[in-house]
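Q: Got a structure here, written out as C-alpha cells. Questions coming.
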Amino acid sequence: MVDEASFETEELEANLERRLGDTTYLNQFRFGDTLYNFYEERNFKPVWALFMVDDSTADVILQPFANAAYEGFNSDYYRLPEISNILENLKKGKKSELYDELVHLEMLTSDNMLSLHSDRVWGRTDPVKVFDGAYHLPRREFTGFKLFDILHAKKYTQVFAKNELQDTAYVKLKEMLAVYVNRIKSGEEWAMIDTTGIKKLEPGDTTTLMPLIAQKLHEMQVISEAEMKEADSNQYPKSFAKYIRRFQQRFGLYDDAILGRRTFGLLNISLQDRANEVAANMERIRWFKLPDEKPYVSVNLPFFELTLHYEDSIQKMATCIGKPRKHDYNDRMERYKKEGKAWLRPPDHETPQIYSKIAYMVINPTWTVPTSIVTREMWWKMKTDSHYLADAGYGVFYKKKEIRSDTINWRKFNPRKLPFEIVQKSGEANALGKVKFIFPNKYSIYLHDTPQKSKFSWTGRAVSHGCVRVEDPVLLGEFVTQNIDTMDSDDFRIHMGYKPRNSIRLEEYDPEDSTAHIQPIDETHVVWLNKRMPVFFLYRTIAFSEDWEVQYRNDVYDKNRLIIKAMSF
C-alpha cells in the first residue's frame with residue numbers, strides 16, 4: 001500500500017474540491033449533493049483517505065460493508081467490490097493516478113457509510129414505492145438521529161451501535177439471519193425432497209423419504225439431532241407424526257401430521273429463500289413499529305390474526321382477509337392500462353397495509369353491494385331469475401327510494417353503470433353479520449362480523465373481497481367501548497343480544513323487558529366513538545409467540561419477493 005508520505009495533503013484536498021465541483025461526478029453517488037456541502041464546510045479535508053492508505057486500517061473501516069449480509073443487505077449494494085479494486089490499485093503506487101484514486105475512495109466510503117447507516121435505521125427501501133402506493137403505515141421516528149454523524153473515522157462504530165434498533169423482534173430476526181448467513185457462507189444447501197407421484201403421506205404409510213424429511217426438519221431447526229434419528233427408512237412411523245405436527249403448527253398449517261402439497265411445499269424452501277424471508281421482515285420493522293401507547297387494534301395479514309392491545313395484556317382472534325391477486329394480474333393490468341377498457345381491469349381484493357382510526361361501529365348493518373361484486377358474481381343470477389334479489393334479502397333503490405327488483409328488466413342495463421343501489425338488508429344472513437367497524441381509508445375497507453363462521457377453521461383464510469372478517473366481533477366491540485362515553489361493554493353486549501358479563505347487571509337482565517333502558521337492537525344503529533381507536537393492518541410473515549418462539553406463515557400476497565427485489569438498487 002502507498003504510505004502517507006507518497007502524497008501531499010493539500011493537493012489531496014484540492015483534488016477533492018475539484019472533483020466535487022463536477023456535477024456529473026457527484027450524480028453517481030446516492031448522497032452527492034449533501035456530501036458536497038459536508039466537505040465544503042470542512043474545507044474539503046478528507047475523512048477516510050488518510051487512514052485507508054494502511055491495509056489493516058482499511059479492512060477495519062470497510063468491515064461494516066463486508067458484514068452487510070448480517071443486516072439483510074448485500075455488500076455489493078455499498079460498492080465494496082469497487083472500493084476493494086481501488087485499494088488494490090493503490091498498492092501499485094502510481095503517482096499519476098494516486099490523487100484521483102484517493103478522492104474516489106474517499107467519496108465511495110463516505111457515500112456508502114451514509115447509505116448503510118440510513119438503511120440500518122430507516123430501511124433501505126421506500127415501502128410506498130415497493131407496493132405501488134398500497135402502503136399507508138406511518139414511518140418510524142428517530143428523535144435526535146443525525147445521519148452525518150457516521151462520517152467520523154474514529155467514532156463511526158459507536159454511531160452504528162448507538163443507532164442499532166432494539167426492538168426484541170428485530171434482534172431475534174437478526175440473530176436468526178446471522179445463523180442462515182453463516183450457513184450459506186459455509187456452502188451449506190438444503191436438499192430438495194422429490195415428491196413426484198406422491199399426493200400425500202400419512203402416518204403408517206410405506207415410504208423411503210422419512211430420513212430426508214427428518215434431515216430437512218433438523219436443518220430448519222424444527223427438531224433436534226436426536227429427534228431426527230427417530231425417522232424410519234421404510235415407513236412414516238406414527239411416532240414421528242408429532243414432529244410433523246410441530247412443523248405444521250410453526251408454519252400455520254392444519255396440524256393433521258399428513259404430508260401433502262402445502263406441507264411439502266414449505267419443506268422444500270431453500271436456505272437462501274429462508275434468509276431472504278428473514279431479511280424482508282427485518283426491513284418491515286425498520287419501516288414501522290407498533291406504538292407504545294395503548295389501546296389499539298392490529299391485524300397481521302399473513303397470520304390471519306387480529307390482536308387487541310390492552311394496557312397490560314393482549315387478546316387474539318382469527319380473521320379472514322382479501323383474496324390474493326390472480327397469477328396473471330400484472331399482465332392483465334398492463335393490457336388494461338394500454339387499452340383503457342374498464343372490463344379488462346383485473347380484480348384486486350388484496351387487503352392493503354394501512355393505518356387509520358375506528359370512528360364508529362354499526363350494529364345490524366345493511367350492505368350496499370359494490371359494483372364489482374354485482375358485475376362479477378351476481379349479474380347472471382339477476383338476469384335469469386327475477387326473484388333472486390328479493391329471495392336473497394336484497395333491496396333495490398333508485399334515488400333512495402326502494403323499488404321492486406322483479407319489475408326491472410336487467411338485460412337493458414350495463415352492470416357497470418347501473419342507476420340503482422343494491423342493498424342487502426340487516427339480519428342473520430347479511431354478509432356483514434351483526435356489526436361492522438368503520439375507519440377512514442381510501443379503499444373503503446372495514447372490520448366486520450360474518451355469517452360464514454366455518455371459514456375461521458380454515459388455515460388459509462384469504463377469502464374476502466378486501467375487508468377483514470373477525471372471528472369474535474362481540475369481543476372487538478367490547479374492546480372498542482373503552483373509547484365510548486355513552487356505552488360500556490355490557491351495553492354493547494345487550495344491544496347485540498348477548499347477556500351482560502357483570503354479575504349484578506345479569507340479575508336485572510331481561511331481554512323481553514321493553515321498558516329497560518338498554519335492550520337488544522333489531523334496527524340498524526350507529527355508535528360513534530368519543531375518541532377514535534387506532535387500527536393497524538401490517539404484513540409480517542415471521543412473528544413470535546409471547547414466549548418468543550418463532551412462527552412462520554405463508555407469504556399470501558407474495559410481498560417478500562418485492563422487498564428483496566427493491567433492496568437491490
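Identifiers in the C-alpha cells: chain A, B, ... in order shown; residue index from 1 per chain; ligand index from 1 in order shown.
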Excluding Asn268 of chain A and its own-chain neighbours fewer than 3 positions away, which residues fall within 7 Å of it when counting only C-alpha atoms? Please give them as a PyMOL selection string.

A: chain A and resi 192-193+264-265

Q: Would you write out those residues with N, CA and C atoms, as a PDB file, in the first residue's frame?

A:
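Okay, selection-v4.pdb is ready:
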ATOM      1  N   MET A 192     -33.538 -30.834  -1.662  1.00  0.00           N
ATOM      2  CA  MET A 192     -34.918 -30.825  -2.145  1.00  0.00           C
ATOM      3  C   MET A 192     -35.489 -32.235  -2.033  1.00  0.00           C
ATOM      4  N   ILE A 193     -36.732 -32.319  -1.596  1.00  0.00           N
ATOM      5  CA  ILE A 193     -37.401 -33.608  -1.438  1.00  0.00           C
ATOM      6  C   ILE A 193     -38.214 -33.877  -2.703  1.00  0.00           C
ATOM      7  N   PHE A 264     -45.289 -30.243   2.001  1.00  0.00           N
ATOM      8  CA  PHE A 264     -44.096 -30.498   1.198  1.00  0.00           C
ATOM      9  C   PHE A 264     -43.550 -29.198   0.600  1.00  0.00           C
ATOM     10  N   GLY A 265     -44.440 -28.318   0.191  1.00  0.00           N
ATOM     11  CA  GLY A 265     -44.003 -27.042  -0.381  1.00  0.00           C
ATOM     12  C   GLY A 265     -43.163 -26.238   0.590  1.00  0.00           C
TER      13      GLY A 265
END

Q: Quick one: DSSP alpha helix (DSSP H) residues in segment 120-157 of chain A, as a PyMOL selection string?

A: chain A and resi 120-122+127-130+156-157

Q: Excluding Lys434 of chain A and its own-chain neighbours fewer than 5 positions away, which residues fall within 8 Å of it when counting only C-alpha atoms? Please give them as an MDAnalysis selection string.

A: chainID A and resid 363:365 426:428 449:450 496

Q: Write out, as a JSON list (two decimals), in the first residue's frame, the residues just selected, with C-alpha atoms.

A:
[["chain", "number", "residue", "atom", "x", "y", "z"],
["A", 363, "ILE", "CA", -74.95, -2.63, 14.78],
["A", 364, "ASN", "CA", -77.20, -4.60, 12.42],
["A", 365, "PRO", "CA", -75.63, -3.06, 9.32],
["A", 426, "SER", "CA", -79.75, -6.31, 8.00],
["A", 427, "GLY", "CA", -80.28, -9.67, 9.60],
["A", 428, "GLU", "CA", -78.66, -13.03, 10.27],
["A", 449, "ASP", "CA", -68.75, -9.83, 11.53],
["A", 450, "THR", "CA", -69.78, -12.58, 9.10],
["A", 496, "MET", "CA", -76.12, -7.32, 20.24]]

Q: Have a look at A:Leu290, A:Leu151, A:Ile564, A:Ala214 and name the one nearest to Phe536 of chain A; count only C-alpha atoms.

A: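 That would be A:Leu290, the residue with the smallest distance to Phe536 of chain A.
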
Q: Show which residues sit within 12 Å of Thr157 of chain A, as a PyMOL selection string. Count only C-alpha atoms, and ignore same-chain residues fewer than 4 positions away.

A: chain A and resi 60-64+113+117+149-153+161-164

Q: Any chance you can output those residues with C-alpha atoms as an mmCIF file, in the first residue's frame?

A:
data_model
loop_
_atom_site.group_PDB
_atom_site.id
_atom_site.type_symbol
_atom_site.label_atom_id
_atom_site.label_comp_id
_atom_site.auth_asym_id
_atom_site.auth_seq_id
_atom_site.Cartn_x
_atom_site.Cartn_y
_atom_site.Cartn_z
ATOM 1 C CA VAL A 60 -11.442 -2.266 9.761
ATOM 2 C CA ILE A 61 -13.186 0.716 8.159
ATOM 3 C CA LEU A 62 -14.726 -1.479 5.467
ATOM 4 C CA GLN A 63 -15.863 -4.180 7.892
ATOM 5 C CA PRO A 64 -19.459 -2.831 8.131
ATOM 6 C CA MET A 113 -21.269 4.814 5.049
ATOM 7 C CA HIS A 117 -26.296 3.978 8.232
ATOM 8 C CA ASP A 149 -22.585 11.637 12.489
ATOM 9 C CA ILE A 150 -21.418 8.434 10.812
ATOM 10 C CA LEU A 151 -18.769 10.344 8.829
ATOM 11 C CA HIS A 152 -16.151 10.211 11.553
ATOM 12 C CA ALA A 153 -13.231 7.826 11.101
ATOM 13 C CA ALA A 161 -24.027 0.888 17.857
ATOM 14 C CA LYS A 162 -25.913 3.874 19.257
ATOM 15 C CA ASN A 163 -28.492 3.712 16.472
ATOM 16 C CA GLU A 164 -28.990 -0.063 16.467
#

Q: For the contact check between segment 225-272 of chain A and segment 198-207 of chain A, emit one row per residue of segment 225-272 of chain A within 6 Å, containing the shortest atom pair and the distance in Å rounded to one decimal, counting only C-alpha atoms, chain then rising number order, as JSON lines.

A:
{"residue": "A:Asn234", "atom": "CA", "partner": "A:Thr207", "partner_atom": "CA", "distance": 5.4}
{"residue": "A:Gln235", "atom": "CA", "partner": "A:Thr206", "partner_atom": "CA", "distance": 4.1}
{"residue": "A:Tyr236", "atom": "CA", "partner": "A:Pro203", "partner_atom": "CA", "distance": 5.2}
{"residue": "A:Pro237", "atom": "CA", "partner": "A:Gly204", "partner_atom": "CA", "distance": 5.4}
{"residue": "A:Lys238", "atom": "CA", "partner": "A:Pro203", "partner_atom": "CA", "distance": 4.8}
{"residue": "A:Ile258", "atom": "CA", "partner": "A:Glu202", "partner_atom": "CA", "distance": 4.8}
{"residue": "A:Leu259", "atom": "CA", "partner": "A:Leu201", "partner_atom": "CA", "distance": 4.9}
{"residue": "A:Gly260", "atom": "CA", "partner": "A:Lys200", "partner_atom": "CA", "distance": 4.4}
